[in-house]
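What follows is one structure encoded as structure tokens, with my remarks underneath.
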Amino acid sequence: MTDNPAEVVSTLDGQLDHEVSLVVFGRGALCLGYSNPPQEYFTTQDVDGIIRMSQLESLVNDERFWDAVDQTNMLLEPKGLYITHLFQADQVFLRPDWENFIQPVMRPPTRYLKLFRPHTIDLILTKMMRGNDPQDMLDVEFLIRHDGITSAQMEPAFRDVCMPDIQELRDAFERALPVVRKLLASRV
């Protein structure tokens with residue numbers, strides 16, 4: 001069975017020589033961080049990460065980590081796999097206190113790479129960054145069903161979401177909001 005996110009993470013772990021903590025999101029996080037994800041999540045070709053603001057300086061200056069990322073991408077290039085976007089937390093839709101709720105990701109087993117994923121509420125917010133993109137809305141539907149997320153849980157997150165001050169992203173959020181609310185309402 002294909003498990004591209006696990007292969008990307010395992011390859012990166014094999015290139016590291018010291019402990020690194022990384023928060024994954026996107027379909028890679030849905031594949032690695034949830035039980036019984038849809039089969040198509042296993043075929044995603046990349047793993048995206050969020051750099052916590054509390055670790056920004058140390059990770060930006062960690063040349064061995066960036067060398068390991070480059071080496072991983074070079075090794076996986078023939079398969080079309082890669083570690084792609086490593087966003088600073090302030091570049092992603094998240095709740096202000098999102099770091100307090102990150103969840104450990106235990107699959108695949110790793111030696112140096114300590115993986116986490118955002119809480120499901122925060123992952124739903126990240127999926128709103130491209131507006132009402134059909135694939136992202138299917139992912140939101142999975143997250144809502146998987147963890148039984150309710151409107152009562154999401155409304156404070158919608159109100160308090162931290163997002164980059166970029167009009168395109170604000171517009172994307174506004175396009176996604178009624179779709180996500182409808183998905184939450186249909187869950188009842």
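Residue names in the structure tokens use chain letters A, B, ... in the order shown, residue numbers from 1 in each chain, and ligand numbers from 1 in the order shown.
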(message) Residues near A:Met137, anyone? I mean within 10 Å using only C-alpha atoms, not counting same-chain ones fewer than 5 positions away, as a list in words.
(response) Ile124, Lys127, Met128, Arg130, Gly131, Asn132, Phe142, Leu143, Ala176, Val179, Val180 and Leu183 of chain A
I need the residues from that last selection saved to file as a PDB file, in the first residue's frame (with N, CA and C atoms), if you can.
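To be explicit, this is the file written out as result.pdb:
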```
ATOM      1  N   ILE A 124      -9.127  22.573  10.449  1.00  0.00           N
ATOM      2  CA  ILE A 124     -10.264  23.064   9.661  1.00  0.00           C
ATOM      3  C   ILE A 124      -9.996  24.501   9.214  1.00  0.00           C
ATOM      4  N   LYS A 127      -7.667  24.656   6.330  1.00  0.00           N
ATOM      5  CA  LYS A 127      -8.297  24.206   5.090  1.00  0.00           C
ATOM      6  C   LYS A 127      -9.156  25.294   4.450  1.00  0.00           C
ATOM      7  N   MET A 128      -9.362  26.396   5.141  1.00  0.00           N
ATOM      8  CA  MET A 128     -10.149  27.504   4.617  1.00  0.00           C
ATOM      9  C   MET A 128      -9.274  28.531   3.894  1.00  0.00           C
ATOM     10  N   ARG A 130      -7.755  28.368   1.099  1.00  0.00           N
ATOM     11  CA  ARG A 130      -7.968  28.420  -0.354  1.00  0.00           C
ATOM     12  C   ARG A 130      -9.445  28.611  -0.686  1.00  0.00           C
ATOM     13  N   GLY A 131     -10.163  29.212   0.247  1.00  0.00           N
ATOM     14  CA  GLY A 131     -11.575  29.466   0.014  1.00  0.00           C
ATOM     15  C   GLY A 131     -12.370  28.185   0.079  1.00  0.00           C
ATOM     16  N   ASN A 132     -13.301  28.042  -0.825  1.00  0.00           N
ATOM     17  CA  ASN A 132     -14.166  26.862  -0.814  1.00  0.00           C
ATOM     18  C   ASN A 132     -13.673  25.818  -1.822  1.00  0.00           C
ATOM     19  N   PHE A 142     -14.372  15.449   6.330  1.00  0.00           N
ATOM     20  CA  PHE A 142     -13.749  14.319   7.025  1.00  0.00           C
ATOM     21  C   PHE A 142     -13.404  14.695   8.461  1.00  0.00           C
ATOM     22  N   LEU A 143     -12.781  15.858   8.646  1.00  0.00           N
ATOM     23  CA  LEU A 143     -12.368  16.283   9.990  1.00  0.00           C
ATOM     24  C   LEU A 143     -13.573  16.462  10.917  1.00  0.00           C
ATOM     25  N   ALA A 176     -15.104  30.489   2.177  1.00  0.00           N
ATOM     26  CA  ALA A 176     -15.167  29.164   2.811  1.00  0.00           C
ATOM     27  C   ALA A 176     -16.160  29.117   3.971  1.00  0.00           C
ATOM     28  N   VAL A 179     -19.665  27.600   3.526  1.00  0.00           N
ATOM     29  CA  VAL A 179     -19.573  26.185   3.156  1.00  0.00           C
ATOM     30  C   VAL A 179     -19.271  25.350   4.393  1.00  0.00           C
ATOM     31  N   VAL A 180     -18.316  25.801   5.198  1.00  0.00           N
ATOM     32  CA  VAL A 180     -17.956  25.060   6.413  1.00  0.00           C
ATOM     33  C   VAL A 180     -19.130  25.069   7.395  1.00  0.00           C
ATOM     34  N   LEU A 183     -21.528  22.476   6.293  1.00  0.00           N
ATOM     35  CA  LEU A 183     -21.045  21.130   6.632  1.00  0.00           C
ATOM     36  C   LEU A 183     -21.264  20.834   8.113  1.00  0.00           C
TER      37      LEU A 183
END
```
(request) Would you please give, as JSON, numbers by chain, all residues of chain A that DSSP assigns to strand (DSSP E) based on the backbone? (result) {"A": [20, 21, 22, 23, 24, 25, 46, 47, 48, 49, 50, 51, 82, 83, 84, 85, 86, 87, 88, 103, 104, 113, 114, 115, 116, 117]}
What does the file look like for those residues with C-alpha atoms, as a short mmCIF file (atom, residue, chain, number, x, y, z; two decimals), in the first residue's frame?
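selection23.cif was written with the following content:
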```
data_model
loop_
_atom_site.label_atom_id
_atom_site.label_comp_id
_atom_site.auth_asym_id
_atom_site.auth_seq_id
_atom_site.Cartn_x
_atom_site.Cartn_y
_atom_site.Cartn_z
CA VAL A 20 13.68 18.45 15.49
CA SER A 21 10.06 19.21 16.35
CA LEU A 22 7.73 19.86 13.45
CA VAL A 23 3.99 20.49 13.20
CA VAL A 24 2.57 18.97 10.01
CA PHE A 25 -0.66 20.05 8.36
CA ASP A 46 4.00 16.32 -0.12
CA VAL A 47 4.12 17.06 3.56
CA ASP A 48 3.59 20.64 4.71
CA GLY A 49 4.73 22.04 8.03
CA ILE A 50 4.08 24.92 10.39
CA ILE A 51 7.02 26.50 12.16
CA TYR A 82 8.81 16.21 -1.31
CA ILE A 83 8.59 18.37 1.77
CA THR A 84 7.12 21.47 0.32
CA HIS A 85 5.86 24.40 2.34
CA LEU A 86 7.19 25.19 5.78
CA PHE A 87 5.08 28.14 6.87
CA GLN A 88 5.60 30.35 9.87
CA GLN A 103 -1.45 16.63 19.05
CA PRO A 104 1.47 14.18 18.77
CA LEU A 113 11.79 13.94 14.09
CA LYS A 114 9.13 14.72 16.68
CA LEU A 115 5.90 15.22 14.78
CA PHE A 116 2.75 17.00 15.84
CA ARG A 117 -0.40 18.15 14.09
#
```
Considering only C-alpha atoms, return as a CSV table (one decimal) with N, CA and C atoms, in the first residue's frame whatever protein or nucleic-acid residues lie within 10 Å of A:Met53, sequence-local ones (same chain, fewer than 4 positions apart) excluded.
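As written to disk, selection.csv reads:
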```csv
chain,number,residue,atom,x,y,z
A,57,GLU,N,13.3,31.2,15.4
A,57,GLU,CA,14.7,31.6,15.3
A,57,GLU,C,15.6,30.3,15.3
A,58,SER,N,15.3,29.4,16.2
A,58,SER,CA,16.2,28.2,16.3
A,58,SER,C,16.1,27.4,15.1
A,59,LEU,N,14.9,27.2,14.5
A,59,LEU,CA,14.8,26.4,13.3
A,59,LEU,C,15.3,27.1,12.1
A,88,GLN,N,5.6,29.8,8.5
A,88,GLN,CA,5.6,30.4,9.9
A,88,GLN,C,4.1,30.4,10.3
A,89,ALA,N,3.9,30.2,11.6
A,89,ALA,CA,2.6,30.1,12.2
A,89,ALA,C,1.7,31.3,11.8
A,90,ASP,N,2.4,32.5,11.7
A,90,ASP,CA,1.6,33.7,11.4
A,90,ASP,C,1.3,33.8,10.0
A,99,GLU,N,-1.0,26.5,19.7
A,99,GLU,CA,0.1,25.7,20.1
A,99,GLU,C,-0.3,24.9,21.4
```
(request) Please measure the separation of atom CA of A:Met163 and atom CA of A:Ile121, giving the value in Å to one decimal. (result) 14.6 Å
(message) From the options A:Glu168, A:Glu77, A:Glu141, A:Tyr112, which residue's atoms come nearest to A:Ser186, counting only C-alpha atoms?
(response)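 Selected residue with least distance to A:Ser186: A:Glu141.
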(request) Do a neighbour search on stretch 156-162 of chain A at 10 Å with only C-alpha atoms, toss out local chain neighbours closer than 2 positions, and write the hits as a ChimeraX atom specification. (result) /A:89-98,121-122,124-126,151-154,164-165,173,177,181
(message) Give me, as a PyMOL selection string, the residues of stretch 109-175 of chain A that a backbone DSSP run labels alpha helix (DSSP H).
(response) chain A and resi 120-126+134-147+151-160+167-175
(message) With distances taken over only C-alpha atoms, which residue among A:Glu174, A:Asp136, A:Asp70, A:Asp147 lies nearest A:Val8?
(response) A:Asp70
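The interatomic distance for the pair atom CA of A:Asp13 and atom CA of A:His119 works out to 22.9 Å.
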(request) Give me, please, the distance in Å between atom CA of A:Gly14 and atom CA of A:Arg107, quoted to one decimal. (result) 14.7 Å
(request) Quick one: everything within 10 Å of A:His146, counting only C-alpha atoms, minus sequence neighbours fewer than 2 positions away in the same chain. Send it as a PyMOL selection string. (result) chain A and resi 34-37+120+140-144+148-149
(message) Could you check the closest approach to A:Ala6 for each of A:Arg27, A:Pro178, A:Gly33, A:Pro108 and tell me which residue wins, using only C-alpha atoms?
(response)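 Closest candidate: A:Pro108.
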A:Leu12 environment, 9 Å, only C-alpha atoms, sequence neighbours closer than 6 positions dropped, as a tab-separated table (two decimals) with C-alpha atoms, in the first residue's frame:
```tsv
chain	number	residue	atom	x	y	z
A	68	ALA	CA	18.24	17.44	5.71
A	69	VAL	CA	15.14	18.92	4.01
A	71	GLN	CA	18.61	16.05	0.91
A	72	THR	CA	15.16	14.54	1.50
A	73	ASN	CA	13.71	16.40	-1.46
A	83	ILE	CA	8.59	18.37	1.77
A	113	LEU	CA	11.79	13.94	14.09
```
